[in-house]
$ cat coords-v9.txt   # compact mmCIF, C-alpha atoms
# COMPACT_ATOMS: atom_id res chain seq x y z
CA PHE A 1 -15.90 -1.57 4.81
CA TYR A 2 -15.77 -4.29 7.46
CA ASP A 3 -18.39 -7.02 7.22
CA PHE A 4 -18.45 -9.21 10.33
CA LEU A 5 -20.16 -12.59 10.55
CA ILE A 6 -20.53 -13.83 14.14
CA THR A 7 -21.43 -17.49 14.56
CA ASN A 8 -22.46 -19.41 17.67
CA THR A 9 -20.28 -22.49 17.25
CA SER A 10 -21.46 -24.03 20.52
CA GLU A 11 -24.39 -26.32 21.13
CA LYS A 12 -25.94 -23.88 23.60
CA THR A 13 -28.36 -21.02 23.10
CA LEU A 14 -26.58 -17.78 24.00
CA ASP A 15 -28.81 -15.07 25.41
CA SER A 16 -28.03 -11.46 26.34
CA CYS A 17 -25.40 -11.19 23.59
CA TYR A 18 -23.88 -7.85 22.59
CA PHE A 19 -21.67 -6.88 19.67
CA GLY A 20 -19.51 -3.83 20.20
CA PHE A 21 -16.75 -1.65 18.78
CA TYR A 22 -13.87 -0.26 20.82
CA VAL A 23 -12.91 2.82 18.80
CA ASP A 24 -9.81 4.93 19.34
CA PHE A 25 -8.91 6.99 16.28
CA GLN A 26 -5.98 8.80 17.98
CA PHE A 27 -6.64 11.76 15.71
CA GLY A 28 -5.19 15.19 16.39
CA ASP A 29 -2.98 16.57 19.11
CA SER A 30 -3.20 14.70 22.39
CA GLY A 31 -6.01 16.22 24.41
CA ASP A 32 -7.55 18.08 21.46
CA GLU A 33 -9.95 15.37 20.29
CA THR A 34 -13.66 16.13 19.87
CA TRP A 35 -16.42 13.62 19.05
CA GLY A 36 -19.51 14.17 16.97
CA SER A 37 -22.40 11.83 16.15
CA TYR A 38 -25.62 11.75 14.14
CA LYS A 39 -28.14 9.30 12.72
CA SER A 40 -27.67 8.65 9.01
CA LYS A 41 -31.40 8.10 8.39
CA ASN A 42 -34.40 9.00 10.49
CA ASP A 43 -36.10 5.63 9.99
CA ILE A 44 -33.30 3.40 11.29
CA PRO A 45 -33.70 1.93 14.78
CA GLY A 46 -31.52 2.72 17.77
CA TYR A 47 -29.42 5.78 18.52
CA ASP A 48 -26.88 7.60 16.34
CA ASN A 49 -24.98 5.31 13.99
CA VAL A 50 -22.40 7.75 12.60
CA PHE A 51 -19.44 8.85 14.72
CA TYR A 52 -16.61 11.19 13.79
CA GLN A 53 -13.64 12.84 15.43
CA PHE A 54 -11.62 15.98 14.73
CA ASP A 55 -9.03 18.23 16.34
CA TYR A 56 -11.06 21.08 17.80
CA ASN A 57 -8.46 23.82 17.14
CA GLY A 58 -7.02 22.51 13.88
CA PRO A 59 -3.43 21.79 12.94
CA ASN A 60 -0.41 23.13 14.76
CA PRO A 61 2.91 23.86 13.02
CA GLY A 62 4.55 20.62 11.93
CA ASN A 63 1.39 18.53 12.44
CA LEU A 64 -1.28 17.49 9.94
CA GLU A 65 -4.29 16.76 12.14
CA ASP A 66 -6.68 18.57 9.83
CA GLY A 67 -9.96 17.06 8.64
CA VAL A 68 -12.45 14.51 9.95
CA ILE A 69 -12.19 10.76 10.50
CA GLY A 70 -15.12 8.56 11.44
CA MET A 71 -17.36 5.56 10.91
CA ILE A 72 -20.90 4.48 10.14
CA VAL A 73 -22.54 1.30 11.44
CA LEU A 74 -24.54 -0.05 8.51
CA ARG A 75 -25.95 -3.34 9.81
CA THR A 76 -26.50 -4.73 13.29
CA PRO A 77 -27.73 -8.08 14.63
CA ASP A 78 -31.52 -8.37 14.43
CA SER A 79 -31.59 -4.84 12.94
CA LEU A 80 -31.49 -3.38 16.47
CA GLY A 81 -29.28 -0.46 15.52
CA ILE A 82 -26.89 1.08 18.03
CA THR A 83 -28.39 0.52 21.46
CA ASP A 84 -25.51 1.81 23.63
CA GLY A 85 -22.68 4.29 23.18
CA HIS A 86 -20.18 5.81 25.61
CA PHE A 87 -16.97 7.82 25.33
CA PHE A 88 -14.14 7.79 27.86
CA ARG A 89 -10.64 9.15 28.34
CA ASP A 90 -7.79 7.17 26.88
CA LEU A 91 -4.33 6.70 28.36
CA SER A 92 -5.53 7.83 31.75
CA GLY A 93 -4.75 5.01 34.13
CA SER A 94 -7.76 3.28 35.65
CA VAL A 95 -10.19 5.25 33.47
CA THR A 96 -9.31 3.19 30.39
CA PRO A 97 -11.07 -0.18 30.73
CA SER A 98 -8.42 -2.87 30.84
CA ASP A 99 -10.34 -6.15 31.12
CA ASP A 100 -13.77 -7.72 30.63
CA ARG A 101 -14.91 -6.79 34.13
CA GLN A 102 -14.67 -3.10 33.15
CA ILE A 103 -15.59 -3.38 29.46
CA TRP A 104 -18.78 -5.40 29.86
CA PRO A 105 -20.74 -3.02 32.13
CA VAL A 106 -20.01 -0.15 29.74
CA LEU A 107 -21.10 -2.15 26.68
CA ILE A 108 -24.42 -3.01 28.34
CA SER A 109 -24.83 0.39 30.05
CA ASN A 110 -24.78 -0.73 33.67
CA PRO A 111 -23.50 2.22 35.75
CA ASP A 112 -24.19 0.30 38.98
CA ASP A 113 -21.47 -2.28 38.33
CA PRO A 114 -18.90 -2.14 41.17
CA ASN A 115 -15.97 -2.61 38.76
CA ILE A 116 -16.31 0.84 37.16
CA VAL A 117 -16.57 4.49 38.14
CA PRO A 118 -19.80 5.62 36.39
CA SER A 119 -18.69 9.22 35.80
CA ASN A 120 -15.82 7.94 33.65
CA TYR A 121 -18.17 6.37 31.09
CA PHE A 122 -21.65 7.87 31.35
CA HIS A 123 -22.18 11.44 30.12
CA GLY A 124 -25.55 13.12 29.81
CA SER A 125 -29.06 12.18 30.87
CA ASN A 126 -29.41 8.99 28.78
CA VAL A 127 -27.81 6.05 30.58
CA HIS A 128 -27.62 4.06 27.32
CA PHE A 129 -26.22 6.69 24.99
CA ASP A 130 -23.85 9.56 25.78
CA ASP A 131 -24.26 13.12 24.57
CA PHE A 132 -21.20 13.21 22.31
CA SER A 133 -21.53 16.99 21.88
CA LEU A 134 -20.26 17.31 25.46
CA THR A 135 -16.74 16.74 24.09
CA GLU A 136 -16.86 20.11 22.30
CA ASP A 137 -14.68 22.99 23.42
CA GLY A 138 -16.34 24.96 26.20
CA LYS A 139 -18.55 22.10 27.37
CA THR A 140 -18.10 19.57 30.17
CA PRO A 141 -16.10 17.32 30.03
CA GLY A 142 -14.89 19.11 26.88
CA VAL A 143 -12.01 18.19 24.58
CA ASN A 144 -9.60 15.46 25.63
CA ASN A 145 -7.97 12.24 24.46
CA TRP A 146 -11.19 10.32 23.76
CA SER A 147 -12.07 6.73 22.93
CA MET A 148 -15.51 5.15 22.80
CA PHE A 149 -17.57 1.98 22.99
CA ILE A 150 -20.62 1.52 20.78
CA SER A 151 -22.64 -1.66 21.01
CA THR A 152 -25.79 -3.50 19.98
CA GLY A 153 -27.84 -5.81 22.17
CA PRO A 154 -29.15 -7.78 23.78
CA PHE A 155 -29.88 -10.49 21.24
CA VAL A 156 -30.11 -14.28 21.28
CA MET A 157 -27.95 -16.64 19.24
CA GLN A 158 -29.16 -20.17 18.63
CA PRO A 159 -26.63 -23.00 18.14
CA GLY A 160 -25.08 -22.61 14.70
CA GLU A 161 -26.76 -19.27 14.07
CA THR A 162 -24.83 -16.45 12.37
CA LYS A 163 -25.39 -12.73 12.94
CA ARG A 164 -24.05 -9.90 10.79
CA GLU A 165 -22.53 -6.53 11.67
CA THR A 166 -21.22 -4.11 9.04
CA ALA A 167 -19.34 -0.84 9.43
CA ALA A 168 -17.52 1.57 7.14
CA PHE A 169 -14.73 4.00 7.95
CA ALA A 170 -13.85 7.22 6.14
CA ALA A 171 -11.59 10.25 6.37
CA GLN A 172 -12.21 13.56 4.60
CA LYS A 173 -10.98 17.14 4.64
CA ASN A 174 -14.12 18.51 6.31
CA LEU A 175 -17.44 17.44 7.80
CA ARG A 176 -19.42 18.19 4.64
CA GLU A 177 -17.25 15.85 2.55
CA PHE A 178 -17.28 13.24 5.30
CA LYS A 179 -21.09 13.19 5.34
CA ARG A 180 -21.15 12.90 1.55
CA VAL A 181 -18.89 9.84 1.61
CA ILE A 182 -20.86 8.28 4.47
CA THR A 183 -24.07 8.69 2.47
CA GLU A 184 -22.45 6.87 -0.46
CA ALA A 185 -21.30 4.11 1.89
CA GLN A 186 -24.86 3.62 3.05
CA LYS A 187 -26.09 3.40 -0.54
CA LEU A 188 -23.46 0.77 -1.31
CA SER A 189 -24.43 -1.31 1.72
CA LEU A 190 -28.01 -1.44 0.49
CA THR A 191 -26.82 -2.92 -2.81
CA GLU A 192 -24.58 -5.50 -1.10
CA PHE A 193 -21.55 -3.37 -2.09
CA ASN A 194 -22.40 -3.43 -5.80
CA GLY A 195 -21.51 0.06 -6.95
CA PRO A 196 -22.18 1.78 -10.26
CA SER A 197 -21.24 -0.51 -13.12
CA ALA A 198 -21.47 -0.74 -16.87
CA PRO A 199 -24.88 -1.77 -18.23
CA PRO A 200 -25.21 -5.09 -20.06
CA SER A 201 -23.88 -5.08 -23.58
CA PRO A 202 -26.56 -4.92 -26.27
CA LYS A 203 -27.10 -7.73 -28.72
CA LEU A 204 -25.47 -6.67 -31.96
CA PHE A 205 -26.59 -7.77 -35.43
CA ALA A 206 -24.64 -7.18 -38.64
CA VAL A 207 -26.34 -7.20 -42.04
CA PRO A 208 -23.98 -7.24 -45.05
CA GLY A 209 -24.82 -4.99 -48.00
CA ASP A 210 -23.23 -3.63 -51.14
CA GLN A 211 -19.83 -2.37 -49.91
CA LYS A 212 -21.29 -1.75 -46.49
CA VAL A 213 -22.37 -3.43 -43.26
CA THR A 214 -25.43 -2.22 -41.39
CA LEU A 215 -25.36 -2.66 -37.61
CA TYR A 216 -28.44 -3.06 -35.42
CA TRP A 217 -28.58 -3.37 -31.65
CA ASN A 218 -31.32 -3.63 -29.06
CA ASP A 219 -32.09 -1.26 -26.17
CA ASN A 220 -31.59 -3.61 -23.20
CA ALA A 221 -28.89 -1.32 -21.76
CA GLU A 222 -31.44 1.49 -21.54
CA ASN A 223 -33.90 -0.66 -19.57
CA VAL A 224 -31.67 -1.74 -16.69
CA SER A 225 -31.73 0.14 -13.39
CA ASP A 226 -28.50 1.38 -11.86
CA PRO A 227 -27.82 -0.65 -8.66
CA VAL A 228 -27.16 2.51 -6.60
CA SER A 229 -29.62 5.09 -7.92
CA LYS A 230 -32.35 2.48 -8.65
CA LYS A 231 -33.11 4.53 -11.78
CA LYS A 232 -32.90 3.79 -15.49
CA ASP A 233 -30.26 6.45 -15.98
CA PHE A 234 -28.39 5.11 -19.01
CA GLU A 235 -26.88 7.83 -21.20

$ encode --input "coords-v9.txt" --output "structure tokens"
Amino acid sequence: FYDFLITNTSEKTLDSCYFGFYVDFQFGDSGDETWGSYKSKNDIPGYDNVFYQFDYNGPNPGNLEDGVIGMIVLRTPDSLGITDGHFFRDLSGSVTPSDDRQIWPVLISNPDDPNIVPSNYFHGSNVHFDDFSLTEDGKTPGVNNWSMFISTGPFVMQPGETKRETAAFAAQKNLREFKRVITEAQKLSLTEFNGPSAPPSPKLFAVPGDQKVTLYWNDNAENVSDPVSKKKDFE
């Protein structure tokens, strides 16, 4: 988990702010990387918030690029969700954005900016969010050495105001296990990272008798909800 707190330390109101991730997992053989994405819950705002990468043709002899690695964005400023997302080739000269003049127009989804070549960063019919399935084998542009930007904005930051962005990263042996772990990460984020824990100890009373001690305890442990399941599931 990475929990970011972004604070406007200036005395000015900052408008048109964006928070973004520059993600390059470098997973798999060079040129064999494929992206996938989905939305973890149907009722969250924005576009897909889960992104994963895998080697499309599996491991080669001597290499271990088997499995899935990825991330989930759990919180965004003003609860906007992911508003923009674009993949692009890495280690390919001018295609890889090298400074703010190239990074900023991709983060805010401005294909008309003269500092970038739009076809390098915008894929599919939605100018704000790429079709990540286009990195699959047999599609265009297909598999390659891929990186991506995902961002949230615009939002306003008042002087002294703090915004929060939270993400979790995971790696698993297959997509099914990856999705299972991502679901657990989302549950943990909703409990402020308080996972399953022992219930409160009962109050214990001891009553002495003839060569014996009788113990009594209350049932408070049975009446406390688990922080993750939200159920009274004491056993």

$ axis_aligned_box --input "coords-v9.txt" --around "region 138-142 of chain A" --padding-each-side "3 Å" --output "JSON"
{"center_x": -16.7, "center_y": 21.1, "center_z": 28.2, "size_x": 9.7, "size_y": 13.6, "size_z": 10.0}

$ closest_residue --input "coords-v9.txt" --among "A:Lys230, A:Arg89, A:Lys41, A:Lys12" --to "Val143 (chain A)" --atoms "all atoms listed in the file"
A:Arg89

$ closest_atom_pairs --input "coords-v9.txt" --of "region 126-206 of chain A" --to "region 31-37 of chain A" --cutoff "9 Å" --atoms "all atoms listed in the file" --output "tab-separated table"
residue	atom	partner	partner_atom	distance
A:Asp131	CA	A:Ser37	CA	8.7
A:Phe132	CA	A:Gly36	CA	5.7
A:Ser133	CA	A:Gly36	CA	6.0
A:Leu134	CA	A:Trp35	CA	8.3
A:Thr135	CA	A:Thr34	CA	5.3
A:Glu136	CA	A:Thr34	CA	5.7
A:Asp137	CA	A:Thr34	CA	7.8
A:Gly142	CA	A:Thr34	CA	7.7
A:Val143	CA	A:Thr34	CA	5.4
A:Asn144	CA	A:Gly31	CA	3.9
A:Asn145	CA	A:Gly31	CA	4.4
A:Trp146	CA	A:Glu33	CA	6.3

$ write_last_selection --input "coords-v9.txt" --atoms "C-alpha atoms" --output "mmCIF file, keeping the file's coordinate frame"
data_model
loop_
_atom_site.group_PDB
_atom_site.id
_atom_site.type_symbol
_atom_site.label_atom_id
_atom_site.label_comp_id
_atom_site.auth_asym_id
_atom_site.auth_seq_id
_atom_site.Cartn_x
_atom_site.Cartn_y
_atom_site.Cartn_z
ATOM 1 C CA ASP A 131 -24.260 13.120 24.570
ATOM 2 C CA PHE A 132 -21.200 13.210 22.310
ATOM 3 C CA SER A 133 -21.530 16.990 21.880
ATOM 4 C CA LEU A 134 -20.260 17.310 25.460
ATOM 5 C CA THR A 135 -16.740 16.740 24.090
ATOM 6 C CA GLU A 136 -16.860 20.110 22.300
ATOM 7 C CA ASP A 137 -14.680 22.990 23.420
ATOM 8 C CA GLY A 142 -14.890 19.110 26.880
ATOM 9 C CA VAL A 143 -12.010 18.190 24.580
ATOM 10 C CA ASN A 144 -9.600 15.460 25.630
ATOM 11 C CA ASN A 145 -7.970 12.240 24.460
ATOM 12 C CA TRP A 146 -11.190 10.320 23.760
#

$ residues_around --input "coords-v9.txt" --residues "region 126-128 of chain A" --least-positions-apart "2" --cutoff "6 Å" --atoms "all atoms listed in the file" --output "MDAnalysis selection string"
chainID A and resid 84 109 124

$ atom_distance --input "coords-v9.txt" --atom1 "CA of Gln26 (chain A)" --atom2 "CA of Pro105 (chain A)"
23.6 Å

$ atom_distance --input "coords-v9.txt" --atom1 "CA of Pro154 (chain A)" --atom2 "CA of Asn120 (chain A)"
22.9 Å

$ build_atoms --input "coords-v9.txt" --residues "region 114-125 of chain A" --atoms "all heavy atoms" --output "PDB file, in the coordinates of the input"
ATOM      1  N   PRO A 114     -19.926  -2.590  40.227  1.00  0.00           N
ATOM      2  CA  PRO A 114     -18.900  -2.140  41.170  1.00  0.00           C
ATOM      3  C   PRO A 114     -17.496  -2.059  40.562  1.00  0.00           C
ATOM      4  O   PRO A 114     -16.587  -1.502  41.194  1.00  0.00           O
ATOM      5  CB  PRO A 114     -18.951  -3.198  42.276  1.00  0.00           C
ATOM      6  CG  PRO A 114     -19.491  -4.427  41.606  1.00  0.00           C
ATOM      7  CD  PRO A 114     -20.471  -3.918  40.586  1.00  0.00           C
ATOM      8  N   ASN A 115     -17.304  -2.591  39.361  1.00  0.00           N
ATOM      9  CA  ASN A 115     -15.970  -2.610  38.760  1.00  0.00           C
ATOM     10  C   ASN A 115     -15.626  -1.325  37.997  1.00  0.00           C
ATOM     11  O   ASN A 115     -14.505  -1.202  37.487  1.00  0.00           O
ATOM     12  CB  ASN A 115     -15.837  -3.794  37.813  1.00  0.00           C
ATOM     13  CG  ASN A 115     -15.866  -5.122  38.531  1.00  0.00           C
ATOM     14  OD1 ASN A 115     -14.984  -5.421  39.338  1.00  0.00           O
ATOM     15  ND2 ASN A 115     -16.885  -5.929  38.260  1.00  0.00           N
ATOM     16  N   ILE A 116     -16.574  -0.384  37.897  1.00  0.00           N
ATOM     17  CA  ILE A 116     -16.310   0.840  37.160  1.00  0.00           C
ATOM     18  C   ILE A 116     -16.711   2.061  37.981  1.00  0.00           C
ATOM     19  O   ILE A 116     -17.501   1.966  38.922  1.00  0.00           O
ATOM     20  CB  ILE A 116     -17.074   0.867  35.812  1.00  0.00           C
ATOM     21  CG1 ILE A 116     -18.582   0.823  36.055  1.00  0.00           C
ATOM     22  CG2 ILE A 116     -16.630  -0.277  34.910  1.00  0.00           C
ATOM     23  CD1 ILE A 116     -19.402   1.056  34.789  1.00  0.00           C
ATOM     24  N   VAL A 117     -16.153   3.195  37.593  1.00  0.00           N
ATOM     25  CA  VAL A 117     -16.570   4.490  38.140  1.00  0.00           C
ATOM     26  C   VAL A 117     -17.519   5.102  37.117  1.00  0.00           C
ATOM     27  O   VAL A 117     -17.103   5.457  36.005  1.00  0.00           O
ATOM     28  CB  VAL A 117     -15.361   5.413  38.371  1.00  0.00           C
ATOM     29  CG1 VAL A 117     -15.831   6.779  38.881  1.00  0.00           C
ATOM     30  CG2 VAL A 117     -14.386   4.776  39.344  1.00  0.00           C
ATOM     31  N   PRO A 118     -18.810   5.212  37.409  1.00  0.00           N
ATOM     32  CA  PRO A 118     -19.800   5.620  36.390  1.00  0.00           C
ATOM     33  C   PRO A 118     -19.476   6.927  35.694  1.00  0.00           C
ATOM     34  O   PRO A 118     -19.692   7.051  34.482  1.00  0.00           O
ATOM     35  CB  PRO A 118     -21.098   5.729  37.206  1.00  0.00           C
ATOM     36  CG  PRO A 118     -20.902   4.811  38.370  1.00  0.00           C
ATOM     37  CD  PRO A 118     -19.440   4.899  38.701  1.00  0.00           C
ATOM     38  N   SER A 119     -18.944   7.910  36.409  1.00  0.00           N
ATOM     39  CA  SER A 119     -18.690   9.220  35.800  1.00  0.00           C
ATOM     40  C   SER A 119     -17.627   9.167  34.710  1.00  0.00           C
ATOM     41  O   SER A 119     -17.508  10.092  33.895  1.00  0.00           O
ATOM     42  CB  SER A 119     -18.268  10.225  36.879  1.00  0.00           C
ATOM     43  OG  SER A 119     -17.094   9.785  37.537  1.00  0.00           O
ATOM     44  N   ASN A 120     -16.837   8.086  34.693  1.00  0.00           N
ATOM     45  CA  ASN A 120     -15.820   7.940  33.650  1.00  0.00           C
ATOM     46  C   ASN A 120     -16.426   7.562  32.299  1.00  0.00           C
ATOM     47  O   ASN A 120     -15.805   7.784  31.255  1.00  0.00           O
ATOM     48  CB  ASN A 120     -14.796   6.879  34.043  1.00  0.00           C
ATOM     49  CG  ASN A 120     -13.918   7.311  35.191  1.00  0.00           C
ATOM     50  OD1 ASN A 120     -13.771   8.506  35.450  1.00  0.00           O
ATOM     51  ND2 ASN A 120     -13.334   6.358  35.895  1.00  0.00           N
ATOM     52  N   TYR A 121     -17.625   6.973  32.300  1.00  0.00           N
ATOM     53  CA  TYR A 121     -18.170   6.370  31.090  1.00  0.00           C
ATOM     54  C   TYR A 121     -19.570   6.842  30.716  1.00  0.00           C
ATOM     55  O   TYR A 121     -20.017   6.584  29.600  1.00  0.00           O
ATOM     56  CB  TYR A 121     -18.214   4.846  31.242  1.00  0.00           C
ATOM     57  CG  TYR A 121     -16.894   4.233  31.619  1.00  0.00           C
ATOM     58  CD1 TYR A 121     -16.645   3.819  32.922  1.00  0.00           C
ATOM     59  CD2 TYR A 121     -15.886   4.085  30.674  1.00  0.00           C
ATOM     60  CE1 TYR A 121     -15.427   3.251  33.275  1.00  0.00           C
ATOM     61  CE2 TYR A 121     -14.671   3.530  31.014  1.00  0.00           C
ATOM     62  CZ  TYR A 121     -14.434   3.112  32.320  1.00  0.00           C
ATOM     63  OH  TYR A 121     -13.234   2.568  32.670  1.00  0.00           O
ATOM     64  N   PHE A 122     -20.269   7.489  31.607  1.00  0.00           N
ATOM     65  CA  PHE A 122     -21.650   7.870  31.350  1.00  0.00           C
ATOM     66  C   PHE A 122     -21.773   9.386  31.398  1.00  0.00           C
ATOM     67  O   PHE A 122     -21.519  10.000  32.431  1.00  0.00           O
ATOM     68  CB  PHE A 122     -22.597   7.199  32.362  1.00  0.00           C
ATOM     69  CG  PHE A 122     -22.564   5.693  32.284  1.00  0.00           C
ATOM     70  CD1 PHE A 122     -21.633   4.961  33.023  1.00  0.00           C
ATOM     71  CD2 PHE A 122     -23.435   5.005  31.458  1.00  0.00           C
ATOM     72  CE1 PHE A 122     -21.588   3.578  32.940  1.00  0.00           C
ATOM     73  CE2 PHE A 122     -23.401   3.623  31.364  1.00  0.00           C
ATOM     74  CZ  PHE A 122     -22.475   2.906  32.104  1.00  0.00           C
ATOM     75  N   HIS A 123     -22.162   9.985  30.256  1.00  0.00           N
ATOM     76  CA  HIS A 123     -22.180  11.440  30.120  1.00  0.00           C
ATOM     77  C   HIS A 123     -23.513  11.877  29.527  1.00  0.00           C
ATOM     78  O   HIS A 123     -23.865  11.474  28.422  1.00  0.00           O
ATOM     79  CB  HIS A 123     -21.033  11.907  29.231  1.00  0.00           C
ATOM     80  CG  HIS A 123     -19.687  11.385  29.652  1.00  0.00           C
ATOM     81  ND1 HIS A 123     -19.161  10.207  29.162  1.00  0.00           N
ATOM     82  CD2 HIS A 123     -18.775  11.874  30.529  1.00  0.00           C
ATOM     83  CE1 HIS A 123     -17.975   9.998  29.696  1.00  0.00           C
ATOM     84  NE2 HIS A 123     -17.713  10.989  30.527  1.00  0.00           N
ATOM     85  N   GLY A 124     -24.241  12.666  30.271  1.00  0.00           N
ATOM     86  CA  GLY A 124     -25.550  13.120  29.810  1.00  0.00           C
ATOM     87  C   GLY A 124     -26.664  12.405  30.549  1.00  0.00           C
ATOM     88  O   GLY A 124     -26.447  11.592  31.452  1.00  0.00           O
ATOM     89  N   SER A 125     -27.896  12.685  30.154  1.00  0.00           N
ATOM     90  CA  SER A 125     -29.060  12.180  30.870  1.00  0.00           C
ATOM     91  C   SER A 125     -29.490  10.782  30.450  1.00  0.00           C
ATOM     92  O   SER A 125     -30.256  10.129  31.150  1.00  0.00           O
ATOM     93  CB  SER A 125     -30.249  13.148  30.666  1.00  0.00           C
ATOM     94  OG  SER A 125     -30.554  13.269  29.276  1.00  0.00           O
TER      95      SER A 125
END
